[in-house]
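Undergrad: Encoded as structure tokens, here's the structure I'll be asking about.
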Amino acid sequence: MWLTWRAAMEQALYGENGFYLRECPSGHFRTSVGASPVFAEAVLRELIAVDDALGNPPAVDLVDIGAGEGELAAGVLSAAPPELRSRLRVTGVDLASRPARLPGEIGWAAAVPDGICGLVVANEWLDNVPVDVAEQTADGPRLILVDPATGAERLGDRPQETDLAWLSCWWPMRAVGERAEIGRPRDEAWTTVIVRLARGRAIAIDYAHPVDDRPPYGTLTGYRDGAAVAPVPDGSCDITAHVALDACAAAGERAGAATTALTTQRQALRALGVTGTRPPVDLARTDPRGYLQTLARSSQEAELIAPEGLGGFGWLTQDRL
Ligand SMILES: C[S@@+](CC[C@H](N)C(=O)[O-])C[C@H]1O[C@@H](n2cnc3c(N)ncnc32)[C@H](O)[C@@H]1O
């Protein structure tokens with residue numbers, strides 16, 4: 001059976017007994033959320049800033065899209081000061097079912113709720129939104145078909161006109177043999193978020209690449225048990241591809257976003273006070289326990305902002321305030 005990559009990813013990740021409906025993501029890869037509670041604390045600072053900008057409304061939302069095991073939602077809720085907590089409505093959105101140990105105050109939904117007033121965060125969501133893959137041939141772009149059982153590939157039809165238009169605008173292929181991941185479904189997914197954001201801020205955080213520096217052979221990768229593996233869409237592993245966040249940003253603007261900032265996680269977290277600064281060595285003599293605690297925290301911060309690692313992720317921030 002030959003499928004387009006988008007159909008194969010859809011089936012492998014979210015179909016009957018699909019990878020994400022069956023597995024705990026943290027067993028297979030590490031995200032900023034799982035790396036350290038420092039990440040949830042930074043998101044809380046962002047939420048407080050959004051709440052202030054909104055004039056501290058009677059109810060303020062935190063919506064975590066692609067919430068997985070709900071760790072970010074739970075971390076922000078438990079760190080929130082009592083006054084904010086009394087007004088906070090936290091919702092995890094995921095196709096997977098509600099995690100068993102999620103606090104009862106946190107709502108859970110399979111689709112992005114409408115009328116959001118507050119902060120939306122989507123950490124490593126868009127890279128799991130299925131995409132088609134095209135290859136440049138002497139006759140122009142053709143879709144790549146894949147055998148889900150083996151990962152073997154062959155050429156299929158020409159992409160539809162909307163996908164050809166997306167490719168020529170956002171991922172023009174230059175030489176025969178180059179490959180591109182057609183990000184249009186991610187643009188549409190992000191559009192849904194901006195449309196359902198009544199007032200507030202939406203942030204997408206992901207592996208990203210800009211239009212003037214797309215990887216010529218794409219980024220399709222599999223993950224299983226903490227290791228990168230061949231992307232065989234048989235349901236046994238995660239299948240991911242980096243995100244054209246600049247295209248999502250343009251889609252968000254068309255959907256009504258008033259402001260856009262596209263930056264790195266390093267810059268975004270530094271602005272939220274995550275600096276990785278080590279404690280002064282003198283502290284080790286005067287307060288050894290305090291020194292060790294501060295040192296542990298600074299190394300967690302350093303991991304979140306490391307330029308070659310999590311700090312290199314893209315942050316797309318769009319407001320409707
Ligand atoms: C890589 S995990 C990220 C989990 C968590 N945000 C973290 O950072 O640890 C991606 C999650 O997105 C979810 N997901 C993918 N497409 C979705 C969709 N259309 N609606 C809701 N959740 C989706 C998957 O089920 C999975 O739990």
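Residues in the structure tokens are named by chain (A, B, ... in the order shown) and by number from 1 within that chain; ligands are numbered from 1 in the order shown.
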Residues up to 8 Å from ligand 1, counting only C-alpha atoms and all ligand atoms: could you list those as a PyMOL selection string?
TA: chain A and resi 13-14+20-21+24-26+29-34+64-72+93-96+110-112+122-130+189
Undergrad: Quick one: residues within 9 Å of Glu41 in chain A, only C-alpha atoms, excluding same-chain residues fewer than 5 positions away - as a count of residues only?
TA: 5
Undergrad: Using DSSP on the backbone coordinates, identify the residues of range 29-123 of chain A assigned to alpha helix (DSSP H); present them as number ranges by chain.
TA: A: 32-35, 37-53, 71-79, 82-85
Undergrad: Please measure the separation of CA of Gly222 in chain A and CA of Gly312 in chain A, giving the value in Å to one decimal.
TA: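 Spanning CA of Gly222 in chain A to CA of Gly312 in chain A is a straight-line distance of 19.7 Å.
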Undergrad: Have a look at A:Glu188, A:Asp61, A:Asp157, A:Glu178 and name the one nearest to Glu135 in chain A; count only C-alpha atoms.
TA: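 Looking only at the distances to Glu135 in chain A, the closest residue turns out to be A:Glu178.
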Undergrad: Counting only C-alpha atoms, what is within 10 Å of Arg254 in chain A, bar same-chain residues fewer than 5 positions away, as a list in words?
TA: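 In the requested format, the answer is Thr191, Ile194, Val195, Cys248 and Ala249 of chain A.
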Undergrad: Could the residues in this selection be saved with N, CA, C and O atoms as a CSV table (one decimal), in the first residue's frame?
TA:
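Generated file (result23.csv):
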```csv
chain,number,residue,atom,x,y,z
A,191,THR,N,-3.6,28.8,12.1
A,191,THR,CA,-4.7,29.7,11.8
A,191,THR,C,-5.9,29.4,12.7
A,191,THR,O,-6.5,30.4,13.3
A,194,ILE,N,-5.2,31.1,16.1
A,194,ILE,CA,-5.3,32.6,16.1
A,194,ILE,C,-6.8,32.9,16.0
A,194,ILE,O,-7.3,33.9,16.6
A,195,VAL,N,-7.6,32.2,15.2
A,195,VAL,CA,-9.0,32.5,15.0
A,195,VAL,C,-9.7,32.3,16.4
A,195,VAL,O,-10.6,33.1,16.7
A,248,CYS,N,3.9,29.9,9.1
A,248,CYS,CA,2.8,29.9,10.1
A,248,CYS,C,2.5,31.3,10.6
A,248,CYS,O,1.4,31.7,10.8
A,249,ALA,N,3.6,32.1,10.7
A,249,ALA,CA,3.4,33.5,11.2
A,249,ALA,C,2.6,34.3,10.2
A,249,ALA,O,1.7,35.0,10.5
```
Undergrad: For a quick check of understanding, using only C-alpha atoms, which of A:Met1, A:Val193, A:Leu102, A:Ile116 has the smallest distance to Glu153 in chain A?
TA: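 Checking each of A:Met1, A:Val193, A:Leu102, A:Ile116 against Glu153 in chain A, counting only C-alpha atoms, the winner is A:Met1.
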Undergrad: Looking at A:Asp246, A:Glu10, A:Glu16, A:Glu253, which one is nearest to Trp315 in chain A, with distances taken over only C-alpha atoms?
TA: A:Asp246
Undergrad: Could you pull the residues within 12 Å of Thr219 in chain A, counting only C-alpha atoms, minus those fewer than 4 positions along the same chain, as a list in words?
TA: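 Near neighbours after the sequence-gap exclusion: Asp127, Val131, Val133, Glu178, Arg179, Ala180, Glu181, Ile182, Tyr207, Ala208, His209, Arg214, Pro215, Ala228, Ala230, Pro231, Ile239, Thr240, Ala241, His242, Val243 and Ala244 of chain A.
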